[in-house]
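Enquirer: You'll find start31.pdb just under this line, and it carries PDB, C-alpha atoms.
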MODEL        1
ATOM      1  CA  MET J  15     -25.517-140.354 139.957
ATOM      2  CA  VAL J  16     -24.911-139.727 136.259
ATOM      3  CA  LYS J  17     -26.075-136.191 136.798
ATOM      4  CA  ASN J  18     -23.523-135.659 139.571
ATOM      5  CA  MET J  19     -20.794-137.014 137.329
ATOM      6  CA  ASN J  20     -21.747-134.494 134.647
ATOM      7  CA  ILE J  21     -21.669-131.608 137.095
ATOM      8  CA  ARG J  22     -18.223-132.686 138.284
ATOM      9  CA  LYS J  23     -16.974-132.917 134.709
ATOM     10  CA  TYR J  24     -18.528-129.562 133.851
ATOM     11  CA  ASP J  25     -16.938-127.811 136.851
ATOM     12  CA  LYS J  26     -13.534-129.345 136.166
ATOM     13  CA  ILE J  27     -13.616-128.324 132.499
ATOM     14  CA  LYS J  28     -14.873-124.840 133.282
ATOM     15  CA  LYS J  29     -12.132-124.196 135.812
ATOM     16  CA  LYS J  30      -9.375-125.578 133.605
ATOM     17  CA  LEU J  31     -10.499-123.583 130.550
ATOM     18  CA  GLN J  32     -10.891-120.360 132.518
ATOM     19  CA  ASN J  33      -7.226-120.627 133.467
ATOM     20  CA  SER J  34      -5.994-121.440 129.958
ATOM     21  CA  THR J  35      -4.691-119.305 127.105
ATOM     22  CA  VAL J  36      -4.684-120.029 123.382
ATOM     23  CA  GLY J  37      -2.655-117.975 120.899
ATOM     24  CA  ILE J  38      -3.934-117.647 117.331
ATOM     25  CA  ALA J  39      -1.729-116.565 114.437
ATOM     26  CA  GLY J  40      -3.973-115.053 111.765
ATOM     27  CA  LEU J  41      -7.586-113.894 112.045
ATOM     28  CA  GLY J  42      -9.011-114.900 108.685
ATOM     29  CA  GLY J  43     -11.368-117.808 108.060
ATOM     30  CA  LEU J  44      -9.519-120.177 110.376
ATOM     31  CA  GLY J  45      -8.487-117.778 113.143
ATOM     32  CA  SER J  46     -11.699-115.754 113.543
ATOM     33  CA  ASN J  47     -13.877-118.862 113.677
ATOM     34  CA  ALA J  48     -11.510-120.758 116.005
ATOM     35  CA  ALA J  49     -11.428-117.743 118.356
ATOM     36  CA  VAL J  50     -15.231-117.648 118.526
ATOM     37  CA  ALA J  51     -15.488-121.418 119.114
ATOM     38  CA  LEU J  52     -12.984-121.215 121.972
ATOM     39  CA  THR J  53     -14.794-118.203 123.436
ATOM     40  CA  ARG J  54     -18.086-120.091 123.458
ATOM     41  CA  ALA J  55     -16.342-123.124 124.984
ATOM     42  CA  GLY J  56     -15.297-120.961 127.952
ATOM     43  CA  LEU J  57     -11.595-120.323 127.377
ATOM     44  CA  GLY J  58     -10.164-117.694 129.743
ATOM     45  CA  LYS J  59      -7.727-115.864 127.490
ATOM     46  CA  LEU J  60      -6.915-115.439 123.805
ATOM     47  CA  VAL J  61      -3.798-113.913 122.259
ATOM     48  CA  LEU J  62      -4.688-112.846 118.720
ATOM     49  CA  VAL J  63      -2.320-111.647 116.005
ATOM     50  CA  ASP J  64      -3.162-110.214 112.565
ATOM     51  CA  PHE J  65      -2.240-107.100 110.560
ATOM     52  CA  ASP J  66      -5.187-107.006 108.167
ATOM     53  CA  LYS J  67      -8.438-105.084 107.920
ATOM     54  CA  VAL J  68     -11.879-106.599 107.361
ATOM     55  CA  GLU J  69     -12.885-106.572 103.686
ATOM     56  CA  LYS J  70     -16.236-107.265 102.075
ATOM     57  CA  SER J  71     -14.796-110.384 100.420
ATOM     58  CA  ASN J  72     -13.944-111.839 103.861
ATOM     59  CA  LEU J  73     -17.575-112.068 104.903
ATOM     60  CA  ASP J  74     -18.152-115.292 102.961
ATOM     61  CA  ARG J  75     -16.306-117.251 105.638
ATOM     62  CA  GLN J  76     -14.761-115.057 108.340
ATOM     63  CA  TYR J  77     -16.463-114.126 111.615
ATOM     64  CA  TYR J  78     -17.068-110.457 110.853
ATOM     65  CA  PHE J  79     -20.066-108.327 109.918
ATOM     66  CA  THR J  80     -20.872-105.734 107.258
ATOM     67  CA  ASP J  81     -20.579-102.834 109.701
ATOM     68  CA  GLN J  82     -17.011-103.923 110.497
ATOM     69  CA  ILE J  83     -15.658-103.534 106.951
ATOM     70  CA  GLY J  84     -12.501-101.399 107.092
ATOM     71  CA  LYS J  85     -11.847-102.151 110.756
ATOM     72  CA  LEU J  86      -8.691-103.911 111.930
ATOM     73  CA  LYS J  87      -9.403-107.616 112.304
ATOM     74  CA  THR J  88      -7.869-107.571 115.781
ATOM     75  CA  GLU J  89     -10.349-104.872 116.875
ATOM     76  CA  ALA J  90     -13.317-106.399 115.081
ATOM     77  CA  ILE J  91     -12.803-109.899 116.511
ATOM     78  CA  ALA J  92     -12.269-108.491 120.019
ATOM     79  CA  GLU J  93     -15.652-106.726 119.694
ATOM     80  CA  ASN J  94     -17.359-109.916 118.548
ATOM     81  CA  ILE J  95     -15.784-111.992 121.315
ATOM     82  CA  LYS J  96     -16.876-109.459 123.959
ATOM     83  CA  LYS J  97     -20.448-109.646 122.632
ATOM     84  CA  ILE J  98     -20.413-113.397 123.264
ATOM     85  CA  ASN J  99     -18.586-113.266 126.597
ATOM     86  CA  PRO J 100     -17.313-109.986 128.061
ATOM     87  CA  ASP J 101     -15.206-111.849 130.633
ATOM     88  CA  VAL J 102     -12.768-113.376 128.132
ATOM     89  CA  LEU J 103      -9.370-111.704 128.298
ATOM     90  CA  VAL J 104      -8.393-110.711 124.766
ATOM     91  CA  GLU J 105      -4.847-109.635 123.996
ATOM     92  CA  THR J 106      -4.467-108.398 120.418
ATOM     93  CA  HIS J 107      -1.425-107.514 118.333
ATOM     94  CA  ASN J 108      -1.982-105.654 115.106
ATOM     95  CA  ILE J 109       1.201-106.721 113.360
ATOM     96  CA  LYS J 110       2.366-108.879 110.474
ATOM     97  CA  LEU J 111       4.225-111.960 111.679
ATOM     98  CA  THR J 112       7.668-111.966 110.117
ATOM     99  CA  LYS J 113      10.535-114.427 110.112
ATOM    100  CA  SER J 114      12.717-114.517 113.229
ATOM    101  CA  SER J 115      10.030-112.936 115.436
ATOM    102  CA  MET J 116       7.124-115.316 114.841
ATOM    103  CA  ASP J 117       7.283-116.656 118.410
ATOM    104  CA  VAL J 118       7.315-113.411 120.427
ATOM    105  CA  PHE J 119       3.595-113.190 121.260
ATOM    106  CA  PHE J 120       3.141-116.890 121.928
ATOM    107  CA  LYS J 121       5.744-117.640 124.605
ATOM    108  CA  ASP J 122       3.216-117.764 127.457
ATOM    109  CA  VAL J 123       0.200-119.413 125.818
ATOM    110  CA  ASP J 124      -0.798-123.030 126.468
ATOM    111  CA  VAL J 125      -1.542-123.892 122.840
ATOM    112  CA  ILE J 126      -0.775-122.104 119.565
ATOM    113  CA  ILE J 127      -3.191-122.274 116.622
ATOM    114  CA  GLU J 128      -1.711-121.638 113.185
ATOM    115  CA  ALA J 129      -4.420-119.886 111.178
ATOM    116  CA  LEU J 130      -2.412-118.235 108.414
ATOM    117  CA  ASP J 131      -3.344-118.296 104.752
ATOM    118  CA  ASN J 132      -0.547-119.176 102.368
ATOM    119  CA  ALA J 133       1.581-122.304 102.487
ATOM    120  CA  GLU J 134       4.867-120.421 102.636
ATOM    121  CA  THR J 135       3.908-118.469 105.775
ATOM    122  CA  LYS J 136       2.352-121.549 107.363
ATOM    123  CA  THR J 137       5.543-123.549 106.806
ATOM    124  CA  ALA J 138       7.818-120.755 108.052
ATOM    125  CA  PHE J 139       5.643-120.226 111.129
ATOM    126  CA  ILE J 140       5.515-123.906 112.104
ATOM    127  CA  GLU J 141       9.247-124.355 111.528
ATOM    128  CA  GLU J 142      10.179-121.343 113.654
ATOM    129  CA  ILE J 143       7.769-122.156 116.500
ATOM    130  CA  LEU J 144       8.945-125.787 116.662
ATOM    131  CA  LEU J 145      12.562-124.611 116.752
ATOM    132  CA  LYS J 146      12.157-121.833 119.318
ATOM    133  CA  LEU J 147       9.340-123.207 121.476
ATOM    134  CA  PRO J 148       9.835-126.978 121.172
ATOM    135  CA  ASP J 149       7.619-127.798 124.162
ATOM    136  CA  LYS J 150       4.648-125.762 122.968
ATOM    137  CA  PRO J 151       1.744-127.628 121.348
ATOM    138  CA  VAL J 152       1.011-126.236 117.872
ATOM    139  CA  VAL J 153      -2.206-126.893 115.956
ATOM    140  CA  ALA J 154      -2.079-126.172 112.217
ATOM    141  CA  ALA J 155      -4.440-126.557 109.257
ATOM    142  CA  SER J 156      -3.677-127.548 105.692
ATOM    143  CA  GLY J 157      -5.980-128.006 102.709
ATOM    144  CA  VAL J 158      -9.094-126.007 103.624
ATOM    145  CA  ALA J 159     -10.146-124.971 100.117
ATOM    146  CA  GLY J 160     -13.166-126.321  98.241
ATOM    147  CA  TYR J 161     -16.415-127.846  99.482
ATOM    148  CA  GLY J 162     -17.599-131.332 100.421
ATOM    149  CA  HIS J 163     -15.153-134.152 101.207
ATOM    150  CA  SER J 164     -15.502-133.625 104.947
ATOM    151  CA  ASP J 165     -14.416-137.223 105.509
ATOM    152  CA  ARG J 166     -10.998-136.613 103.980
ATOM    153  CA  ILE J 167     -10.118-134.303 106.867
ATOM    154  CA  LYS J 168      -8.021-135.917 109.583
ATOM    155  CA  THR J 169      -5.551-135.035 112.320
ATOM    156  CA  ILE J 170      -1.922-135.956 111.802
ATOM    157  CA  ARG J 171       0.261-135.745 114.893
ATOM    158  CA  SER J 172       4.026-135.472 115.012
ATOM    159  CA  GLY J 173       5.190-134.853 118.581
ATOM    160  CA  ASN J 174       3.790-131.493 119.687
ATOM    161  CA  LEU J 175       2.562-130.631 116.205
ATOM    162  CA  TYR J 176      -1.046-131.446 115.328
ATOM    163  CA  ILE J 177      -2.169-130.881 111.748
ATOM    164  CA  CYS J 178      -5.776-130.816 110.742
ATOM    165  CA  CYS J 179      -5.476-131.658 107.072
ATOM    166  CA  ASP J 180      -6.969-132.814 103.818
ATOM    167  CA  GLU J 181      -3.944-133.955 101.888
ATOM    168  CA  GLN J 182      -5.909-134.181  98.637
ATOM    169  CA  ALA J 183      -7.258-130.620  98.727
ATOM    170  CA  LYS J 184      -6.142-128.034  96.194
ATOM    171  CA  SER J 185      -4.326-124.855  97.102
ATOM    172  CA  SER J 186      -6.552-121.836  97.657
ATOM    173  CA  ASP J 187      -4.674-120.290  94.702
ATOM    174  CA  ASP J 188      -6.476-122.794  92.463
ATOM    175  CA  ASP J 189      -9.694-123.363  94.380
ATOM    176  CA  ILE J 190     -12.452-121.507  96.158
ATOM    177  CA  LEU J 191     -12.613-120.887  99.909
ATOM    178  CA  MET J 192     -16.077-121.490 101.344
ATOM    179  CA  ALA J 193     -17.497-121.098 104.841
ATOM    180  CA  PRO J 194     -18.527-124.707 105.547
ATOM    181  CA  ARG J 195     -15.104-126.306 105.026
ATOM    182  CA  VAL J 196     -13.115-123.381 106.399
ATOM    183  CA  CYS J 197     -15.296-123.276 109.534
ATOM    184  CA  LEU J 198     -15.142-127.063 109.810
ATOM    185  CA  MET J 199     -11.354-126.933 109.940
ATOM    186  CA  ALA J 200     -11.303-123.849 112.194
ATOM    187  CA  ASN J 201     -13.518-125.698 114.662
ATOM    188  CA  TRP J 202     -11.417-128.827 114.198
ATOM    189  CA  GLU J 203      -8.353-126.816 115.239
ATOM    190  CA  ALA J 204     -10.242-125.375 118.235
ATOM    191  CA  ASN J 205     -11.382-128.890 119.168
ATOM    192  CA  ILE J 206      -7.794-130.183 119.127
ATOM    193  CA  ALA J 207      -6.749-127.216 121.297
ATOM    194  CA  LEU J 208      -9.441-128.190 123.828
ATOM    195  CA  GLU J 209      -8.249-131.795 123.811
ATOM    196  CA  ILE J 210      -4.655-130.690 124.437
ATOM    197  CA  ILE J 211      -5.717-128.451 127.336
ATOM    198  CA  LEU J 212      -8.233-130.812 128.936
ATOM    199  CA  GLY J 213      -6.786-134.207 128.039
ATOM    200  CA  GLU J 214      -8.689-136.843 126.112
ATOM    201  CA  ASP J 215     -12.447-136.853 126.706
ATOM    202  CA  LYS J 216     -13.148-140.194 128.379
TER     203      LYS J 216
ATOM    204  CA  MET X   8      16.186-148.672 107.297
ATOM    205  CA  ILE X   9      14.430-145.391 108.031
ATOM    206  CA  GLU X  10      10.773-144.461 108.305
ATOM    207  CA  VAL X  11       9.353-141.595 106.236
ATOM    208  CA  ASN X  12       5.786-140.608 107.182
ATOM    209  CA  GLY X  13       5.230-144.108 108.523
ATOM    210  CA  ARG X  14       6.580-145.817 105.385
ATOM    211  CA  LYS X  15       9.723-147.990 105.580
ATOM    212  CA  VAL X  16      12.466-146.664 103.318
ATOM    213  CA  GLU X  17      15.981-147.953 102.660
ATOM    214  CA  TRP X  18      18.674-145.990 104.534
ATOM    215  CA  VAL X  19      21.370-144.464 102.354
ATOM    216  CA  LYS X  20      24.688-143.532 103.929
ATOM    217  CA  ASN X  21      25.481-139.775 103.967
ATOM    218  CA  GLU X  22      22.151-138.878 102.436
ATOM    219  CA  THR X  23      20.958-135.322 103.110
ATOM    220  CA  VAL X  24      17.374-134.198 103.672
ATOM    221  CA  THR X  25      17.322-132.617 100.193
ATOM    222  CA  GLU X  26      18.465-135.898  98.628
ATOM    223  CA  LEU X  27      15.980-137.976 100.601
ATOM    224  CA  LEU X  28      13.064-135.722  99.608
ATOM    225  CA  LYS X  29      14.074-136.118  95.979
ATOM    226  CA  ARG X  30      14.476-139.905  96.302
ATOM    227  CA  VAL X  31      11.059-140.431  97.905
ATOM    228  CA  LYS X  32       9.580-137.968  95.387
ATOM    229  CA  TYR X  33       8.368-135.289  97.768
ATOM    230  CA  THR X  34       8.499-132.495  95.258
ATOM    231  CA  PHE X  35       6.415-129.973  97.187
ATOM    232  CA  PRO X  36       8.536-126.893  97.756
ATOM    233  CA  LEU X  37       6.961-126.072 101.123
ATOM    234  CA  VAL X  38       7.444-128.719 103.751
ATOM    235  CA  VAL X  39       8.341-128.935 107.406
ATOM    236  CA  VAL X  40      10.785-131.775 108.065
ATOM    237  CA  LYS X  41      11.334-133.464 111.404
ATOM    238  CA  ILE X  42      13.936-136.109 112.123
ATOM    239  CA  ASN X  43      13.215-138.115 115.281
ATOM    240  CA  ASP X  44      10.774-135.388 116.277
ATOM    241  CA  LYS X  45      13.323-132.561 115.928
ATOM    242  CA  VAL X  46      12.595-129.972 113.287
ATOM    243  CA  VAL X  47      15.217-129.365 110.608
ATOM    244  CA  PRO X  48      15.294-125.725 109.408
ATOM    245  CA  LYS X  49      14.739-125.375 105.671
ATOM    246  CA  ASN X  50      18.135-123.732 105.179
ATOM    247  CA  CYS X  51      19.822-126.846 106.627
ATOM    248  CA  PHE X  52      18.151-129.401 104.317
ATOM    249  CA  SER X  53      21.177-129.654 102.018
ATOM    250  CA  GLU X  54      23.666-130.292 104.826
ATOM    251  CA  THR X  55      21.677-132.381 107.305
ATOM    252  CA  ILE X  56      22.531-136.082 107.067
ATOM    253  CA  ILE X  57      19.823-138.623 107.909
ATOM    254  CA  PRO X  58      21.041-141.143 110.513
ATOM    255  CA  ASP X  59      20.110-144.829 110.162
ATOM    256  CA  ASN X  60      16.903-145.914 111.957
ATOM    257  CA  SER X  61      15.556-142.345 111.828
ATOM    258  CA  ARG X  62      11.892-141.501 111.949
ATOM    259  CA  VAL X  63      11.375-138.751 109.376
ATOM    260  CA  ALA X  64       8.202-136.674 109.147
ATOM    261  CA  VAL X  65       7.606-134.609 106.022
ATOM    262  CA  ILE X  66       4.709-132.234 106.510
ATOM    263  CA  HIS X  67       3.282-130.574 103.440
ATOM    264  CA  MET X  68       1.238-127.399 103.948
ATOM    265  CA  ILE X  69      -1.444-126.403 101.431
ATOM    266  CA  SER X  70      -2.557-122.751 101.089
ATOM    267  CA  GLY X  71      -5.879-121.531 102.423
ATOM    268  CA  GLY X  72      -7.291-120.065 105.594
TER     269      GLY X  72
ENDMDL
END
Once you've parsed the file, please lay out its structure as structure tokens.
Expert:
Amino acid sequence: MVKNMNIRKYDKIKKKLQNSTVGIAGLGGLGSNAAVALTRAGLGKLVLVDFDKVEKSNLDRQYYFTDQIGKLKTEAIAENIKKINPDVLVETHNIKLTKSSMDVFFKDVDVIIEALDNAETKTAFIEEILLKLPDKPVVAASGVAGYGHSDRIKTIRSGNLYICCDEQAKSSDDDILMAPRVCLMANWEANIALEIILGEDK
Amino acid sequence: MIEVNGRKVEWVKNETVTELLKRVKYTFPLVVVKINDKVVPKNCFSETIIPDNSRVAVIHMISGG
């Protein structure tokens, strides 16, 4: 009986995720790891935006490999996603998100993940998305730098905006970025996206 | 009375977002502000008046990603 319940839940989740799209702004430590987590979870489509190339210094926390150094992050992450699941639809945009056109690629996604790096861009992105796409759920992350203090991370919700944050963390300008905490928050963002798409896990 | 990030704060007549942020000592330069769940663009902080009984959310973003 329990087994049947699990199969029903599994089928329902699989179907729902296959028909869902998540947009990710930024493919650094947060974005690349969130994209991979959502791919493994069985999401049907990803819309990925970044302008940068993979650098050696990114490999301490971002989901890229040594043979991808110099490649566009959009191309490199699409390759890595296809290696995990070739059926995922991956739409990439190799472009820098700029004010007044931050929303253009995300109009048709179910959930938007903010995975940008500096506070100014994060703030501008969230503000513009909330203004232009007020009904769209947005998941953001704040305070990823440092190590340890996993228990300080929490989700703050304000309407359609969900922020995975450690309010006591230092800025990455004054602190180190390390894989465990960055990946923790990237996966936290992906986990919130799943919860928004699927509803609360009961 | 208004609520700022869940904390009860005295309402001040004709107070703008800029003035409120200063009064409650939110000195971070980079915040997203929502009044009753509606976002206030940064360039409107100095002219947007906070109505009484408002629920204000001040969201502070920290660099890193």
Enquirer: For range 68-72 of chain X, find every residue with an atom within 7 Å (counting only C-alpha atoms), except residues of its own chain fewer than 4 positions away, and show them as a PDB file with C-alpha atoms, in the frame of the given file.
Expert:
ATOM      1  CA  GLY J  42      -9.011-114.900 108.685  1.00  0.00           C
ATOM      2  CA  GLY J  43     -11.368-117.808 108.060  1.00  0.00           C
ATOM      3  CA  LEU J  44      -9.519-120.177 110.376  1.00  0.00           C
ATOM      4  CA  ALA J 129      -4.420-119.886 111.178  1.00  0.00           C
ATOM      5  CA  LEU J 130      -2.412-118.235 108.414  1.00  0.00           C
ATOM      6  CA  ASP J 131      -3.344-118.296 104.752  1.00  0.00           C
ATOM      7  CA  ASN J 132      -0.547-119.176 102.368  1.00  0.00           C
ATOM      8  CA  ALA J 133       1.581-122.304 102.487  1.00  0.00           C
ATOM      9  CA  LYS J 136       2.352-121.549 107.363  1.00  0.00           C
ATOM     10  CA  THR J 137       5.543-123.549 106.806  1.00  0.00           C
ATOM     11  CA  SER J 156      -3.677-127.548 105.692  1.00  0.00           C
ATOM     12  CA  GLY J 157      -5.980-128.006 102.709  1.00  0.00           C
ATOM     13  CA  VAL J 158      -9.094-126.007 103.624  1.00  0.00           C
ATOM     14  CA  ALA J 159     -10.146-124.971 100.117  1.00  0.00           C
ATOM     15  CA  SER J 185      -4.326-124.855  97.102  1.00  0.00           C
ATOM     16  CA  SER J 186      -6.552-121.836  97.657  1.00  0.00           C
ATOM     17  CA  VAL J 196     -13.115-123.381 106.399  1.00  0.00           C
TER      18      VAL J 196
ATOM     19  CA  LEU X  37       6.961-126.072 101.123  1.00  0.00           C
ATOM     20  CA  VAL X  38       7.444-128.719 103.751  1.00  0.00           C
TER      21      VAL X  38
END
Enquirer: Could you list the residues chosen by the PyMOL selection byres ((chain X) within 12 of (chain J)) in this structure as a PyMOL selection string?
Expert: chain X and resi 11-13+35-51+62-72
Enquirer: For the selection just defined, write its residues with C-alpha atoms to a file, as a tab-separated table (two decimals), in the frame of the given file.
Expert:
chain	number	residue	atom	x	y	z
X	11	VAL	CA	9.35	-141.60	106.24
X	12	ASN	CA	5.79	-140.61	107.18
X	13	GLY	CA	5.23	-144.11	108.52
X	35	PHE	CA	6.42	-129.97	97.19
X	36	PRO	CA	8.54	-126.89	97.76
X	37	LEU	CA	6.96	-126.07	101.12
X	38	VAL	CA	7.44	-128.72	103.75
X	39	VAL	CA	8.34	-128.94	107.41
X	40	VAL	CA	10.78	-131.78	108.06
X	41	LYS	CA	11.33	-133.46	111.40
X	42	ILE	CA	13.94	-136.11	112.12
X	43	ASN	CA	13.22	-138.12	115.28
X	44	ASP	CA	10.77	-135.39	116.28
X	45	LYS	CA	13.32	-132.56	115.93
X	46	VAL	CA	12.60	-129.97	113.29
X	47	VAL	CA	15.22	-129.36	110.61
X	48	PRO	CA	15.29	-125.72	109.41
X	49	LYS	CA	14.74	-125.38	105.67
X	50	ASN	CA	18.14	-123.73	105.18
X	51	CYS	CA	19.82	-126.85	106.63
X	62	ARG	CA	11.89	-141.50	111.95
X	63	VAL	CA	11.38	-138.75	109.38
X	64	ALA	CA	8.20	-136.67	109.15
X	65	VAL	CA	7.61	-134.61	106.02
X	66	ILE	CA	4.71	-132.23	106.51
X	67	HIS	CA	3.28	-130.57	103.44
X	68	MET	CA	1.24	-127.40	103.95
X	69	ILE	CA	-1.44	-126.40	101.43
X	70	SER	CA	-2.56	-122.75	101.09
X	71	GLY	CA	-5.88	-121.53	102.42
X	72	GLY	CA	-7.29	-120.06	105.59
Enquirer: When the PyMOL selection byres ((chain J and resi 108) around 12) is applied to the structure above, which residues does it catch, written out as a list in words?
Expert: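 Matching residues under the PyMOL selection byres ((chain J and resi 108) around 12) are Ala39, Gly40, Leu41, Val61, Leu62, Val63, Asp64, Phe65, Asp66, Lys67, Lys85, Leu86, Lys87, Thr88, Glu89, Ala90, Ile91, Ala92, Glu105, Thr106, His107, Ile109, Lys110, Leu111 and Phe119 of chain J.
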Enquirer: State, in Å with one decimal place, the distance from CA of Leu31 in chain J to CA of Gly56 in chain J.
Expert: 6.1 Å
Enquirer: Output, as JSON, the centre and edge lengths in Å (one decimal) of the axis-aligned box that contains all listed atoms of range 80-86 of chain J with 3 Å of margin on each side.
Expert:
{"center_x": -14.8, "center_y": -103.6, "center_z": 109.4, "size_x": 18.2, "size_y": 10.3, "size_z": 11.0}
Enquirer: Given the file above and the PyMOL selection byres ((chain X and resi 26) around 10), which residues are selected, and can you give them as a list in words?
Expert: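 Against this file, the PyMOL selection byres ((chain X and resi 26) around 10) returns the residues Val19, Asn21, Glu22, Thr23, Val24, Thr25, Leu27, Leu28, Lys29, Arg30, Val31, Lys32, Phe52, Ser53, Glu54, Thr55, Ile56 and Ile57 of chain X.
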Enquirer: Between CA of Ile211 in chain J and CA of Lys59 in chain J, what is the distance in Å, rounded to a tenth?
Expert: 12.7 Å
Enquirer: CA of Gln82 in chain J to CA of Glu203 in chain J: how many Å, to one decimal?
Expert: 24.9 Å
Enquirer: Give me the residues within 8 Å of Ile98 in chain J as a PDB file with C-alpha atoms, keeping the file's coordinate frame, counting only C-alpha atoms and dropping any in the same chain fewer than 3 places off.
Expert:
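What follows is the written file out_22.pdb:
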ATOM      1  CA  THR J  53     -14.794-118.203 123.436  1.00  0.00           C
ATOM      2  CA  ARG J  54     -18.086-120.091 123.458  1.00  0.00           C
ATOM      3  CA  ASN J  94     -17.359-109.916 118.548  1.00  0.00           C
ATOM      4  CA  ILE J  95     -15.784-111.992 121.315  1.00  0.00           C
TER       5      ILE J  95
END
Enquirer: Using all atoms listed in the file, pick whichever of J:Asp25, J:Asp117, J:Asp122, J:Asp101 has the shortest atom-to-atom distance to Lys146 in chain J.
Expert: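 For Lys146 in chain J, the nearest of the candidates is J:Asp117.
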Enquirer: Between J:Leu198, J:Ile83, J:Leu52, J:Ile210, single out the one closest to His163 in chain J, counting all atoms listed in the file.
Expert: J:Leu198
